[in-house]
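Read the structure below first, then the notes.
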Amino acid sequence: MMEEIYVNVDHVKPNNPIPSTKCRDPRSCKRSSHSGVILSLALLSLSLLVGLIILGVYYRDTLRDSAANLSEMSNKLASMTEDRDLLHANLTENARELERLQNLTRLKKTCPVGWSNFSHSCYLLSESSASWDAARKDCRVRGADLVVIDCGKEQTFLSAITNEHTWIGLNDKEQEGTWKWVDGTPVILTYWAEHQPDDGGGNEDCAHFRNDEKKSWNDLPCSTSLKWICEKAPNNFMVF
């Protein structure tokens with residue numbers, strides 16, 4: 001009796017059999033596992049690639065901005081350097097100008113002994129008489145030249161220091177009728193006497209001064225013996 005019961009039990013099949021979780025084909029199971037790993041790795045690689053691209057774009061923009069900022073800073077630095085150099089040059093020039101002005105304030109302009117001071121020149125009336133060329137040579141030996149009259153005040157001053165006929169630095173030796181001052185000053189202001197210059201005798205090429213404030217100039221032969229007036233700039237002396 002007991003044996004029949006056991007036999008029946010052995011032949012009883014379950015109504016809902018539990019499916020087996022084991023893979024029937026080991027190779028198929030292994031391929032499926034490998035595919036899952038590969039897919040996971042691919043997704044991870046893709047994520048990393050996207051991350052790297054994002055980082056690359058970020059750092060590219062950052063580097064570009066940094067380069068722009070660096071270029072701007074470099075330009076500003078160059079501009080500041082240029083401004084500094086210009087300021088230094090201006091300060092140096094101003095310092096030199098200040099030194100020059102300080103030196104000028106210590107200078108005192110005086111005429112040599114025996115010379116008369118008027119305006120910005122020194123004048124000397126000769127004691128002897130000579131030709132125009134000899135008179136000019138004497139003036140040049142003294143570091144001067146025959147007087148050049150370029151204003152009415154100078155004309156008035158000269159008429160006060162001499163009452164004799166005296167040579168002045170005016171001639172038309174090079175071309176008749178074209179009068180020139182010895183220093184090249186244009187002949188604009190003149191004080192010729194009436195009907196002068198007339199080149200009397202055809203050889204009056206040198207001018208002299210007569211004691212007349214307004215009409216004092218006359219032409220004579222350059223070989224005529226007259227006194228003369230020398231003119232030169234005053235000497236500069238440093239005052240301590």
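How things are named: the first chain in the structure tokens is A, the next is B, and so on; residues count from 1 in each chain; ligands count from 1 in the order shown.
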Shell around stretch 215-232 of chain A at 6 Å using only C-alpha atoms, local window under 5 positions removed, as a compact mmCIF listing (two decimals) with N, CA and C atoms, in the first residue's frame:
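Generated output (result20.txt):
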# COMPACT_ATOMS: atom_id res chain seq x y z
N SER A 121 72.87 146.62 -29.45
CA SER A 121 74.16 146.68 -30.14
C SER A 121 75.12 147.65 -29.45
N CYS A 122 76.40 147.47 -29.79
CA CYS A 122 77.45 148.37 -29.32
C CYS A 122 78.02 149.11 -30.53
N TYR A 123 78.35 150.41 -30.36
CA TYR A 123 78.80 151.25 -31.46
C TYR A 123 80.11 151.94 -31.09
N LEU A 124 80.97 152.06 -32.09
CA LEU A 124 82.26 152.73 -31.88
C LEU A 124 82.51 153.70 -33.02
N LEU A 125 82.72 154.97 -32.70
CA LEU A 125 83.09 155.98 -33.69
C LEU A 125 84.61 156.04 -33.76
N SER A 126 85.13 155.86 -34.96
CA SER A 126 86.59 155.83 -35.11
C SER A 126 87.21 157.19 -34.79
N SER A 128 90.23 157.98 -36.33
CA SER A 128 90.97 158.35 -37.54
C SER A 128 90.05 158.25 -38.76
N SER A 129 90.59 158.57 -39.91
CA SER A 129 89.86 158.50 -41.18
C SER A 129 90.55 157.52 -42.12
N ALA A 130 89.74 156.90 -43.00
CA ALA A 130 90.31 155.95 -43.96
C ALA A 130 89.28 155.68 -45.05
N SER A 131 89.67 154.88 -46.03
CA SER A 131 88.74 154.49 -47.10
C SER A 131 87.66 153.55 -46.54
N TRP A 132 86.64 153.35 -47.37
CA TRP A 132 85.54 152.47 -46.92
C TRP A 132 86.06 151.06 -46.64
N CYS A 139 86.88 147.48 -38.50
CA CYS A 139 85.73 146.99 -37.72
C CYS A 139 85.78 145.48 -37.54
N ALA A 144 83.57 143.26 -35.20
CA ALA A 144 82.36 143.99 -35.55
C ALA A 144 82.29 144.14 -37.08
N ASP A 145 81.49 145.07 -37.55
CA ASP A 145 81.41 145.42 -38.97
C ASP A 145 80.90 146.85 -39.06
N LEU A 146 80.96 147.43 -40.24
CA LEU A 146 80.41 148.77 -40.42
C LEU A 146 78.93 148.76 -40.07
N VAL A 147 78.43 149.82 -39.49
CA VAL A 147 77.09 149.89 -38.95
C VAL A 147 76.03 149.63 -40.02
N THR A 166 80.69 160.04 -41.83
CA THR A 166 81.24 158.74 -41.41
C THR A 166 80.70 157.63 -42.32
N TRP A 167 81.57 156.66 -42.59
CA TRP A 167 81.16 155.53 -43.40
C TRP A 167 80.15 154.65 -42.66
N TYR A 191 67.53 156.70 -45.71
CA TYR A 191 67.55 158.11 -45.33
C TYR A 191 68.46 158.89 -46.28
N TRP A 192 68.28 158.68 -47.57
CA TRP A 192 69.11 159.38 -48.55
C TRP A 192 68.80 160.88 -48.54
N ALA A 193 69.85 161.66 -48.70
CA ALA A 193 69.67 163.10 -48.86
C ALA A 193 68.99 163.37 -50.20
N GLN A 196 69.93 161.99 -53.85
CA GLN A 196 70.96 160.97 -53.61
C GLN A 196 70.31 159.59 -53.52
N PRO A 197 71.04 158.57 -53.90
CA PRO A 197 72.42 158.56 -54.43
C PRO A 197 72.41 158.94 -55.92
N ASN A 203 81.53 156.73 -60.07
CA ASN A 203 82.24 155.76 -59.23
C ASN A 203 81.91 155.92 -57.74
N GLU A 204 80.76 156.44 -57.43
CA GLU A 204 80.36 156.60 -56.03
C GLU A 204 79.57 155.36 -55.59
N ASP A 205 80.31 154.40 -55.03
CA ASP A 205 79.71 153.10 -54.71
C ASP A 205 79.58 152.82 -53.22
N CYS A 206 79.98 153.77 -52.37
CA CYS A 206 79.90 153.55 -50.92
C CYS A 206 79.12 154.69 -50.27
N ALA A 207 78.34 154.33 -49.22
CA ALA A 207 77.48 155.31 -48.56
C ALA A 207 78.10 155.79 -47.26
N HIS A 208 77.84 157.06 -46.96
CA HIS A 208 78.29 157.60 -45.68
C HIS A 208 77.14 158.34 -45.02
N PHE A 209 77.32 158.61 -43.75
CA PHE A 209 76.30 159.20 -42.89
C PHE A 209 76.68 160.65 -42.62
N ARG A 210 75.70 161.55 -42.77
CA ARG A 210 75.92 162.97 -42.45
C ARG A 210 75.06 163.34 -41.25
**Message:** Going by DSSP on the backbone, which residues of stretch 4-237 of chain A come out as strand (DSSP E or B)? List them as a PyMOL selection string.
**Reply:** chain A and resi 107-110+116-118+121-125+130+145-146+166-171+180-181+192+206-209+217-220+226-232+235-237
**Message:** Under the rule that only C-alpha atoms are counted, which of A:Glu194, A:Asp61, A:Ile168, A:Arg96 is the nearest residue to A:Ala135?
**Reply:**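 For A:Ala135, the nearest of the candidates is A:Ile168.
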**Message:** So, with only C-alpha atoms as the atoms that count, which of A:Leu39, A:Leu189, A:Ile161, A:Leu170 lies closest to A:Phe118?
**Reply:** A:Ile161
**Prompt:** Any idea what's packed within 9 Å of A:Gly152, counting only C-alpha atoms, ignoring anything in its chain fewer than 2 positions away? Could you give it as a ChimeraX atom specification?
**Reply:** /A:149-150,154-157,189,213-214
